[in-house]
$ cat input25.cif   # mmCIF, C-alpha atoms
data_protein
loop_
_atom_site.group_PDB
_atom_site.id
_atom_site.type_symbol
_atom_site.label_atom_id
_atom_site.label_comp_id
_atom_site.auth_asym_id
_atom_site.auth_seq_id
_atom_site.Cartn_x
_atom_site.Cartn_y
_atom_site.Cartn_z
ATOM 1 C CA MET A 27 32.030 81.043 335.575
ATOM 2 C CA CYS A 28 29.359 83.401 334.304
ATOM 3 C CA GLU A 29 31.723 86.345 334.761
ATOM 4 C CA ILE A 30 34.351 84.550 332.672
ATOM 5 C CA LEU A 31 31.858 83.864 329.894
ATOM 6 C CA ASP A 32 30.668 87.471 329.932
ATOM 7 C CA LEU A 33 34.261 88.672 329.687
ATOM 8 C CA LEU A 34 35.126 86.418 326.738
ATOM 9 C CA GLN A 35 31.906 87.263 324.941
ATOM 10 C CA GLN A 36 32.999 90.911 324.992
ATOM 11 C CA ALA A 37 36.550 90.092 323.854
ATOM 12 C CA PRO A 38 36.302 88.616 320.331
ATOM 13 C CA ARG A 39 40.116 88.520 319.975
ATOM 14 C CA GLY A 40 40.494 86.676 323.287
ATOM 15 C CA ALA A 41 41.866 87.322 326.759
ATOM 16 C CA ALA A 42 44.959 86.045 328.520
ATOM 17 C CA LEU A 43 44.721 83.983 331.705
ATOM 18 C CA LEU A 44 46.063 86.882 333.768
ATOM 19 C CA ASP A 45 43.429 89.219 332.284
ATOM 20 C CA VAL A 46 40.674 86.756 333.185
ATOM 21 C CA ALA A 47 41.992 86.439 336.737
ATOM 22 C CA LYS A 48 42.167 90.218 337.193
ATOM 23 C CA ALA A 49 38.737 90.896 335.694
ATOM 24 C CA THR A 50 37.036 88.241 337.812
ATOM 25 C CA ARG A 51 39.172 88.873 340.946
ATOM 26 C CA LEU A 52 40.047 85.191 341.096
ATOM 27 C CA PRO A 53 43.416 83.659 341.951
ATOM 28 C CA LYS A 54 45.243 82.712 338.787
ATOM 29 C CA SER A 55 45.056 79.011 339.691
ATOM 30 C CA SER A 56 41.274 79.204 340.199
ATOM 31 C CA ALA A 57 40.763 81.077 336.938
ATOM 32 C CA PHE A 58 42.785 78.404 335.144
ATOM 33 C CA ARG A 59 40.656 75.589 336.615
ATOM 34 C CA TYR A 60 37.429 77.299 335.603
ATOM 35 C CA LEU A 61 38.758 77.910 332.100
ATOM 36 C CA ALA A 62 39.852 74.283 331.782
ATOM 37 C CA THR A 63 36.375 73.108 332.748
ATOM 38 C CA LEU A 64 34.744 75.465 330.257
ATOM 39 C CA GLU A 65 37.163 74.366 327.559
ATOM 40 C CA ARG A 66 36.200 70.708 328.050
ATOM 41 C CA ARG A 67 32.550 71.705 327.572
ATOM 42 C CA ARG A 68 33.430 73.740 324.422
ATOM 43 C CA TYR A 69 32.274 77.008 326.004
ATOM 44 C CA VAL A 70 35.862 78.252 325.804
ATOM 45 C CA GLU A 71 38.680 77.584 323.374
ATOM 46 C CA ARG A 72 42.380 78.271 323.825
ATOM 47 C CA ASP A 73 44.494 79.672 321.011
ATOM 48 C CA PRO A 74 47.454 77.253 320.688
ATOM 49 C CA VAL A 75 49.741 80.035 319.427
ATOM 50 C CA THR A 76 49.008 82.948 321.777
ATOM 51 C CA GLY A 77 47.581 80.986 324.715
ATOM 52 C CA SER A 78 44.643 83.391 324.963
ATOM 53 C CA TYR A 79 41.107 82.213 325.661
ATOM 54 C CA ARG A 80 38.040 82.929 323.549
ATOM 55 C CA ALA A 81 34.373 82.027 323.560
ATOM 56 C CA GLY A 82 34.003 78.566 322.056
ATOM 57 C CA SER A 83 31.592 77.048 319.586
ATOM 58 C CA ALA A 84 29.177 75.784 322.261
ATOM 59 C CA PHE A 85 28.831 79.344 323.531
ATOM 60 C CA LEU A 86 28.073 80.693 320.057
ATOM 61 C CA PRO A 87 25.148 78.593 318.871
ATOM 62 C CA LEU A 88 23.154 81.426 317.393
ATOM 63 C CA ARG A 89 23.416 82.156 313.703
ATOM 64 C CA ALA A 90 24.228 85.767 314.488
ATOM 65 C CA HIS A 91 27.605 84.631 315.837
ATOM 66 C CA GLU A 92 28.491 82.268 313.000
ATOM 67 C CA PRO A 93 30.306 84.876 310.862
ATOM 68 C CA GLU A 94 32.504 85.810 313.817
ATOM 69 C CA LEU A 95 33.296 82.172 314.509
ATOM 70 C CA LEU A 96 34.044 81.520 310.834
ATOM 71 C CA ALA A 97 36.390 84.526 310.674
ATOM 72 C CA ARG A 98 38.170 83.387 313.826
ATOM 73 C CA ARG A 99 38.726 79.887 312.471
ATOM 74 C CA ALA A 100 39.818 81.145 309.073
ATOM 75 C CA ARG A 101 42.279 83.883 310.041
ATOM 76 C CA PRO A 102 45.274 81.691 311.007
ATOM 77 C CA HIS A 103 44.973 79.807 307.714
ATOM 78 C CA MET A 104 44.606 83.076 305.809
ATOM 79 C CA GLU A 105 47.710 84.477 307.479
ATOM 80 C CA ARG A 106 49.684 81.365 306.586
ATOM 81 C CA ILE A 107 48.838 81.548 302.891
ATOM 82 C CA ARG A 108 49.334 85.339 302.867
ATOM 83 C CA ASP A 109 52.831 84.869 304.266
ATOM 84 C CA GLN A 110 53.524 82.236 301.642
ATOM 85 C CA LEU A 111 52.146 84.132 298.639
ATOM 86 C CA GLU A 112 52.599 87.733 299.861
ATOM 87 C CA GLU A 113 49.244 88.851 298.496
ATOM 88 C CA THR A 114 45.915 89.774 300.099
ATOM 89 C CA ILE A 115 43.593 87.002 301.290
ATOM 90 C CA ASN A 116 39.888 87.742 301.876
ATOM 91 C CA LEU A 117 37.027 85.958 303.599
ATOM 92 C CA GLY A 118 33.541 87.034 302.547
ATOM 93 C CA MET A 119 29.936 85.945 302.834
ATOM 94 C CA LEU A 120 26.654 86.789 301.172
ATOM 95 C CA GLU A 121 24.794 89.202 303.422
ATOM 96 C CA GLY A 122 21.511 90.297 301.928
ATOM 97 C CA ASN A 123 22.233 90.959 298.271
ATOM 98 C CA ARG A 124 25.916 91.852 298.614
ATOM 99 C CA ILE A 125 29.234 90.299 299.580
ATOM 100 C CA SER A 126 30.372 91.390 303.032
ATOM 101 C CA TYR A 127 34.055 91.094 303.954
ATOM 102 C CA LEU A 128 34.395 89.208 307.251
ATOM 103 C CA GLU A 129 38.182 89.115 307.432
ATOM 104 C CA ILE A 130 41.046 90.511 305.369
ATOM 105 C CA VAL A 131 44.729 89.671 305.683
ATOM 106 C CA GLU A 132 46.589 92.256 303.637
ATOM 107 C CA SER A 133 49.624 91.796 301.444
ATOM 108 C CA PRO A 134 52.846 93.183 302.947
ATOM 109 C CA ARG A 135 53.647 94.880 299.636
ATOM 110 C CA SER A 136 53.142 98.616 299.240
ATOM 111 C CA MET A 137 51.046 98.139 296.085
ATOM 112 C CA ARG A 138 48.198 95.776 296.910
ATOM 113 C CA LEU A 139 44.504 95.114 296.428
ATOM 114 C CA ALA A 140 42.703 95.227 299.761
ATOM 115 C CA ALA A 141 39.149 95.942 300.799
ATOM 116 C CA ARG A 142 38.259 96.826 304.379
ATOM 117 C CA ARG A 143 36.506 94.571 306.872
ATOM 118 C CA GLY A 144 32.791 95.255 306.613
ATOM 119 C CA ASP A 145 32.938 96.517 303.016
ATOM 120 C CA ARG A 146 30.097 95.293 300.808
ATOM 121 C CA ASP A 147 30.683 94.525 297.133
ATOM 122 C CA PRO A 148 28.272 93.449 294.385
ATOM 123 C CA LEU A 149 27.714 89.777 293.677
ATOM 124 C CA HIS A 150 28.320 89.988 289.936
ATOM 125 C CA ALA A 151 31.741 91.665 289.833
ATOM 126 C CA THR A 152 33.840 89.843 292.437
ATOM 127 C CA ALA A 153 35.475 86.437 292.628
ATOM 128 C CA LEU A 154 33.990 85.972 296.111
ATOM 129 C CA GLY A 155 30.539 86.704 294.715
ATOM 130 C CA LYS A 156 30.919 84.263 291.829
ATOM 131 C CA ALA A 157 32.276 81.498 294.084
ATOM 132 C CA ILE A 158 29.222 81.845 296.307
ATOM 133 C CA ALA A 159 26.654 82.411 293.538
ATOM 134 C CA ALA A 160 27.823 79.314 291.649
ATOM 135 C CA HIS A 161 26.393 77.184 294.463
ATOM 136 C CA LEU A 162 23.167 79.104 295.102
ATOM 137 C CA PRO A 163 19.803 78.230 293.531
ATOM 138 C CA GLU A 164 19.488 79.955 290.163
ATOM 139 C CA ARG A 165 16.279 81.707 291.207
ATOM 140 C CA ARG A 166 18.051 83.318 294.163
ATOM 141 C CA VAL A 167 20.910 84.564 291.990
ATOM 142 C CA ARG A 168 18.431 85.968 289.494
ATOM 143 C CA ALA A 169 16.466 87.721 292.242
ATOM 144 C CA ILE A 170 19.635 89.316 293.656
ATOM 145 C CA LEU A 171 20.797 90.578 290.275
ATOM 146 C CA GLU A 172 17.357 91.924 289.406
ATOM 147 C CA ALA A 173 17.217 93.783 292.733
ATOM 148 C CA GLU A 174 20.789 95.126 292.631
ATOM 149 C CA GLY A 175 21.361 95.503 288.934
ATOM 150 C CA MET A 176 24.642 94.667 287.210
ATOM 151 C CA ALA A 177 26.535 97.939 287.151
ATOM 152 C CA ARG A 178 29.496 98.203 284.774
ATOM 153 C CA LEU A 179 32.459 98.874 287.077
ATOM 154 C CA THR A 180 35.129 98.354 284.417
ATOM 155 C CA PRO A 181 35.087 97.546 280.680
ATOM 156 C CA HIS A 182 35.354 93.850 281.648
ATOM 157 C CA THR A 183 32.417 93.674 284.068
ATOM 158 C CA LEU A 184 29.711 91.164 283.157
ATOM 159 C CA THR A 185 26.476 93.120 282.808
ATOM 160 C CA THR A 186 23.962 90.597 281.455
ATOM 161 C CA LEU A 187 22.329 87.682 283.205
ATOM 162 C CA ASP A 188 23.159 85.283 280.357
ATOM 163 C CA ALA A 189 26.865 86.141 280.481
ATOM 164 C CA TYR A 190 26.913 85.828 284.260
ATOM 165 C CA GLN A 191 25.159 82.459 284.266
ATOM 166 C CA ALA A 192 27.658 81.187 281.682
ATOM 167 C CA GLU A 193 30.483 82.357 283.953
ATOM 168 C CA LEU A 194 28.926 80.560 286.925
ATOM 169 C CA ALA A 195 28.772 77.349 284.886
ATOM 170 C CA ALA A 196 32.469 77.758 284.039
ATOM 171 C CA THR A 197 33.193 78.413 287.722
ATOM 172 C CA ARG A 198 31.534 75.146 288.749
ATOM 173 C CA GLU A 199 33.388 73.220 286.043
ATOM 174 C CA ARG A 200 36.894 74.455 286.910
ATOM 175 C CA GLY A 201 36.313 74.575 290.680
ATOM 176 C CA TYR A 202 37.141 78.230 291.305
ATOM 177 C CA ALA A 203 35.842 81.704 290.496
ATOM 178 C CA LEU A 204 37.824 84.391 288.705
ATOM 179 C CA ASP A 205 37.566 88.179 288.679
ATOM 180 C CA ASP A 206 39.696 89.262 285.744
ATOM 181 C CA GLY A 207 39.663 93.044 285.941
ATOM 182 C CA GLU A 208 35.895 93.143 286.464
ATOM 183 C CA HIS A 209 35.838 94.961 289.804
ATOM 184 C CA GLU A 210 39.132 96.870 289.537
ATOM 185 C CA ILE A 211 40.584 97.450 286.086
ATOM 186 C CA ASP A 212 44.107 96.516 287.173
ATOM 187 C CA GLY A 213 43.120 93.778 289.627
ATOM 188 C CA ARG A 214 42.709 90.014 289.479
ATOM 189 C CA SER A 215 41.217 87.654 292.076
ATOM 190 C CA VAL A 216 40.486 83.978 292.445
ATOM 191 C CA ALA A 217 38.071 82.501 295.000
ATOM 192 C CA VAL A 218 36.684 79.193 296.253
ATOM 193 C CA PRO A 219 33.695 78.473 298.494
ATOM 194 C CA VAL A 220 34.049 77.320 302.102
ATOM 195 C CA PRO A 221 32.259 73.950 302.061
ATOM 196 C CA GLY A 222 29.772 73.094 304.800
ATOM 197 C CA ALA A 223 30.190 76.401 306.652
ATOM 198 C CA ASN A 224 26.431 76.919 307.284
ATOM 199 C CA LEU A 225 26.969 80.276 305.609
ATOM 200 C CA PRO A 226 27.332 81.236 301.932
ATOM 201 C CA ALA A 227 31.029 82.045 302.323
ATOM 202 C CA ALA A 228 34.196 82.011 300.221
ATOM 203 C CA ILE A 229 37.928 82.740 300.458
ATOM 204 C CA SER A 230 39.797 84.715 297.800
ATOM 205 C CA TYR A 231 43.294 85.769 296.764
ATOM 206 C CA SER A 232 43.628 89.256 295.261
ATOM 207 C CA ALA A 233 46.573 90.939 293.592
ATOM 208 C CA PRO A 234 47.432 93.475 290.914
ATOM 209 C CA ALA A 235 47.126 91.797 287.530
ATOM 210 C CA THR A 236 50.798 92.481 286.787
ATOM 211 C CA ARG A 237 51.762 90.172 289.686
ATOM 212 C CA PHE A 238 49.036 87.593 289.112
ATOM 213 C CA PRO A 239 49.150 86.093 285.587
ATOM 214 C CA LEU A 240 46.193 83.942 284.609
ATOM 215 C CA GLU A 241 48.329 80.793 284.451
ATOM 216 C CA ARG A 242 48.771 81.007 288.236
ATOM 217 C CA ALA A 243 45.017 80.944 288.907
ATOM 218 C CA GLU A 244 44.743 77.147 289.066
ATOM 219 C CA PRO A 245 47.631 76.517 291.521
ATOM 220 C CA VAL A 246 46.501 79.414 293.728
ATOM 221 C CA ALA A 247 42.940 78.091 293.691
ATOM 222 C CA ALA A 248 44.223 74.680 294.755
ATOM 223 C CA MET A 249 45.882 76.277 297.789
ATOM 224 C CA LEU A 250 42.677 78.140 298.637
ATOM 225 C CA ARG A 251 40.645 74.930 298.380
ATOM 226 C CA GLU A 252 43.017 73.302 300.838
ATOM 227 C CA ILE A 253 42.638 75.986 303.488
ATOM 228 C CA ALA A 254 38.869 76.251 302.886
ATOM 229 C CA ALA A 255 38.597 72.516 303.594
ATOM 230 C CA GLU A 256 40.714 72.901 306.738
ATOM 231 C CA VAL A 257 38.485 75.717 308.004
ATOM 232 C CA ALA A 258 35.345 73.721 307.263
ATOM 233 C CA GLY A 259 36.808 70.715 309.092
ATOM 234 C CA GLU A 260 37.534 72.821 312.172
ATOM 235 C CA LEU A 261 33.991 74.184 312.156
ATOM 236 C CA ARG A 262 32.575 70.660 312.122
ATOM 237 C CA ALA A 263 34.981 69.064 314.597
ATOM 238 C CA PRO A 264 34.118 69.023 318.315
ATOM 239 C CA ALA A 265 36.623 70.607 320.625
ATOM 240 C CA PRO A 266 39.040 68.039 322.175
#
$ encode --input "input25.cif" --output "structure tokens"
Amino acid sequence: MCEILDLLQQAPRGAALLDVAKATRLPKSSAFRYLATLERRRYVERDPVTGSYRAGSAFLPLRAHEPELLARRARPHMERIRDQLEETINLGMLEGNRISYLEIVESPRSMRLAARRGDRDPLHATALGKAIAAHLPERRVRAILEAEGMARLTPHTLTTLDAYQAELAATRERGYALDDGEHEIDGRSVAVPVPGANLPAAISYSAPATRFPLERAEPVAAMLREIAAEVAGELRAPAP
């Protein structure tokens, strides 16, 4: 079993039953029995779509693995809403003083807004950053902005603490964060936090402003809140 766990730990996107059997030199039937036992103990989880096996939540107890687990849980939901809306969906978290992109599901359109996985953006000029900052202690937000500054990325970027705090209050009141041409002059994004994720994380929808009028922000945010709640529920639920 240890060889199986080692294999899955090194395969974040999962491994098929046949791959596990070959790597461990076990008969396919024996590999399946071991995997079934590990799945019951939550050390392994099986993707219901692809049938591949991955390291489960009981095998990833350390905080260092939580972003990977969050991204894994979120991606199927992100793909579903991307397919429905045909725009880019992002998952990000606060890492240090900046927003780090954990997962990105790009729009199929040739003109799209899309960061790259691992990119780090400022807290003050992104919808992801605002969605997260709105639920952080004010002293922490202030400390981050004082350390990083509030660079003007476009003519619409908020560059004063007072303006940013007012925007965070508006974010809390309406239930979603908005980047209206503040990070990219021709871009618009809406984001919501992932509740109860043990990480300061959020999910966003990004599109060129010409395809994303402001009146669509509320219905898109409602869809994001739905998938954020689903992801949070999966993170809390024990494996069957």
$ closest_residue --input "input25.cif" --among "A:Val246, A:Ile170, A:Leu154, A:Leu179" --to "Asp205 (chain A)" --atoms "all atoms listed in the file"
A:Leu154
$ residues_around --input "input25.cif" --residues "Glu164 (chain A)" --least-positions-apart "3" --cutoff "12 Å" --atoms "only C-alpha atoms" --output "ChimeraX atom specification"
/A:158-161,167-171,187-188,190-192,194-195
$ axis_aligned_box --input "input25.cif" --around "region 174-177 of chain A" --padding-each-side "4 Å" --output "AutoDock Vina command-line options"
--center_x 23.7 --center_y 96.3 --center_z 289.9 --size_x 13.7 --size_y 11.3 --size_z 13.5
$ atom_distance --input "input25.cif" --atom1 "CA of Lys48 (chain A)" --atom2 "CA of Glu29 (chain A)"
11.4 Å
$ closest_atom_pairs --input "input25.cif" --of "region 135-237 of chain A" --to "region 115-130 of chain A" --cutoff "6 Å" --atoms "only C-alpha atoms" --output "Markdown table"
| residue | atom | partner | partner_atom | distance |
| --- | --- | --- | --- | --- |
| A:Arg143 | CA | A:Tyr127 | CA | 5.2 |
| A:Gly144 | CA | A:Tyr127 | CA | 5.1 |
| A:Asp145 | CA | A:Tyr127 | CA | 5.6 |
| A:Arg146 | CA | A:Ser126 | CA | 4.5 |
| A:Asp147 | CA | A:Ile125 | CA | 5.1 |
| A:Pro148 | CA | A:Arg124 | CA | 5.1 |
| A:Leu149 | CA | A:Arg124 | CA | 5.6 |
| A:Ile170 | CA | A:Asn123 | CA | 5.5 |
| A:Pro226 | CA | A:Met119 | CA | 5.5 |
| A:Ala227 | CA | A:Met119 | CA | 4.1 |
| A:Ala228 | CA | A:Gly118 | CA | 5.6 |
| A:Ile229 | CA | A:Leu117 | CA | 4.6 |
| A:Ser230 | CA | A:Asn116 | CA | 5.1 |
| A:Tyr231 | CA | A:Ile115 | CA | 4.7 |
$ resolve_selection --input "input25.cif" --expression "the PyMOL selection byres ((chain A and resi 220) around 9)" --output "PyMOL selection string"
chain A and resi 158+218-219+221-223+225-229+251+253-255+257-258
$ resolve_selection --input "input25.cif" --expression "the PyMOL selection byres ((chain A and resi 202) around 7)" --output "JSON, numbers by chain"
{"A": [157, 197, 198, 200, 201, 203, 204, 216, 217, 218, 247]}
$ write_last_selection --input "input25.cif" --atoms "C-alpha atoms" --output "PDB file, keeping the file's coordinate frame"
ATOM      1  CA  ALA A 157      32.276  81.498 294.084  1.00  0.00           C
ATOM      2  CA  THR A 197      33.193  78.413 287.722  1.00  0.00           C
ATOM      3  CA  ARG A 198      31.534  75.146 288.749  1.00  0.00           C
ATOM      4  CA  ARG A 200      36.894  74.455 286.910  1.00  0.00           C
ATOM      5  CA  GLY A 201      36.313  74.575 290.680  1.00  0.00           C
ATOM      6  CA  ALA A 203      35.842  81.704 290.496  1.00  0.00           C
ATOM      7  CA  LEU A 204      37.824  84.391 288.705  1.00  0.00           C
ATOM      8  CA  VAL A 216      40.486  83.978 292.445  1.00  0.00           C
ATOM      9  CA  ALA A 217      38.071  82.501 295.000  1.00  0.00           C
ATOM     10  CA  VAL A 218      36.684  79.193 296.253  1.00  0.00           C
ATOM     11  CA  ALA A 247      42.940  78.091 293.691  1.00  0.00           C
TER      12      ALA A 247
END
$ atom_distance --input "input25.cif" --atom1 "CA of Thr236 (chain A)" --atom2 "CA of Glu252 (chain A)"
25.0 Å
$ resolve_selection --input "input25.cif" --expression "the PyMOL selection byres ((chain A and resi 185) around 6)" --output "list in words"
Met176, Leu184 and Thr186 of chain A
$ decode --input "input25.cif" --residues "region 174-199 of chain A" --atoms "N, CA and C atoms" --output "CSV table (one decimal), in the first residue's frame"
chain,number,residue,atom,x,y,z
A,174,GLU,N,3.0,46.6,0.1
A,174,GLU,CA,3.0,46.5,-1.4
A,174,GLU,C,2.8,47.7,-2.2
A,175,GLY,N,2.2,48.7,-1.5
A,175,GLY,CA,1.8,49.9,-2.3
A,175,GLY,C,0.5,49.6,-3.1
A,176,MET,N,0.0,50.7,-3.7
A,176,MET,CA,-1.2,50.6,-4.5
A,176,MET,C,-0.9,51.2,-5.9
A,177,ALA,N,-0.1,50.5,-6.7
A,177,ALA,CA,0.3,51.0,-8.0
A,177,ALA,C,-0.9,51.2,-8.9
A,178,ARG,N,-0.8,52.3,-9.7
A,178,ARG,CA,-1.9,52.6,-10.6
A,178,ARG,C,-1.6,51.8,-11.9
A,179,LEU,N,-2.4,50.7,-12.1
A,179,LEU,CA,-2.2,49.9,-13.3
A,179,LEU,C,-3.0,50.4,-14.5
A,180,THR,N,-4.1,51.0,-14.2
A,180,THR,CA,-4.9,51.7,-15.3
A,180,THR,C,-5.5,53.0,-14.7
A,181,PRO,N,-6.1,53.8,-15.5
A,181,PRO,CA,-6.8,55.0,-15.0
A,181,PRO,C,-7.9,54.7,-13.9
A,182,HIS,N,-8.4,53.5,-13.9
A,182,HIS,CA,-9.5,53.2,-12.9
A,182,HIS,C,-9.0,52.5,-11.7
A,183,THR,N,-7.7,52.2,-11.5
A,183,THR,CA,-7.2,51.5,-10.3
A,183,THR,C,-7.4,52.4,-9.1
A,184,LEU,N,-7.9,51.7,-8.0
A,184,LEU,CA,-8.0,52.4,-6.7
A,184,LEU,C,-6.6,52.5,-6.1
A,185,THR,N,-6.2,53.7,-5.8
A,185,THR,CA,-4.8,53.9,-5.3
A,185,THR,C,-4.7,54.6,-3.9
A,186,THR,N,-5.9,54.7,-3.2
A,186,THR,CA,-5.8,55.2,-1.8
A,186,THR,C,-6.5,54.2,-0.9
A,187,LEU,N,-6.1,54.2,0.3
A,187,LEU,CA,-6.6,53.2,1.3
A,187,LEU,C,-8.1,53.5,1.5
A,188,ASP,N,-8.5,54.8,1.6
A,188,ASP,CA,-9.9,55.2,1.9
A,188,ASP,C,-10.8,54.7,0.8
A,189,ALA,N,-10.4,54.9,-0.5
A,189,ALA,CA,-11.2,54.4,-1.6
A,189,ALA,C,-11.3,52.9,-1.6
A,190,TYR,N,-10.2,52.2,-1.3
A,190,TYR,CA,-10.2,50.8,-1.3
A,190,TYR,C,-11.1,50.2,-0.2
A,191,GLN,N,-11.0,50.8,1.0
A,191,GLN,CA,-11.9,50.4,2.1
A,191,GLN,C,-13.3,50.6,1.8
A,192,ALA,N,-13.7,51.7,1.1
A,192,ALA,CA,-15.0,51.9,0.7
A,192,ALA,C,-15.5,50.9,-0.3
A,193,GLU,N,-14.6,50.5,-1.2
A,193,GLU,CA,-14.9,49.4,-2.1
A,193,GLU,C,-15.1,48.1,-1.4
A,194,LEU,N,-14.3,47.8,-0.4
A,194,LEU,CA,-14.5,46.5,0.3
A,194,LEU,C,-15.8,46.5,1.1
A,195,ALA,N,-16.3,47.7,1.6
A,195,ALA,CA,-17.6,47.7,2.2
A,195,ALA,C,-18.7,47.5,1.2
A,196,ALA,N,-18.5,48.0,0.0
A,196,ALA,CA,-19.5,47.8,-1.0
A,196,ALA,C,-19.5,46.3,-1.4
A,197,THR,N,-18.4,45.7,-1.5
A,197,THR,CA,-18.2,44.3,-1.8
A,197,THR,C,-19.0,43.4,-0.8
A,198,ARG,N,-18.8,43.7,0.5
A,198,ARG,CA,-19.5,42.9,1.5
A,198,ARG,C,-21.0,43.1,1.4
A,199,GLU,N,-21.5,44.3,1.1
A,199,GLU,CA,-22.9,44.6,1.0
A,199,GLU,C,-23.6,43.9,-0.2
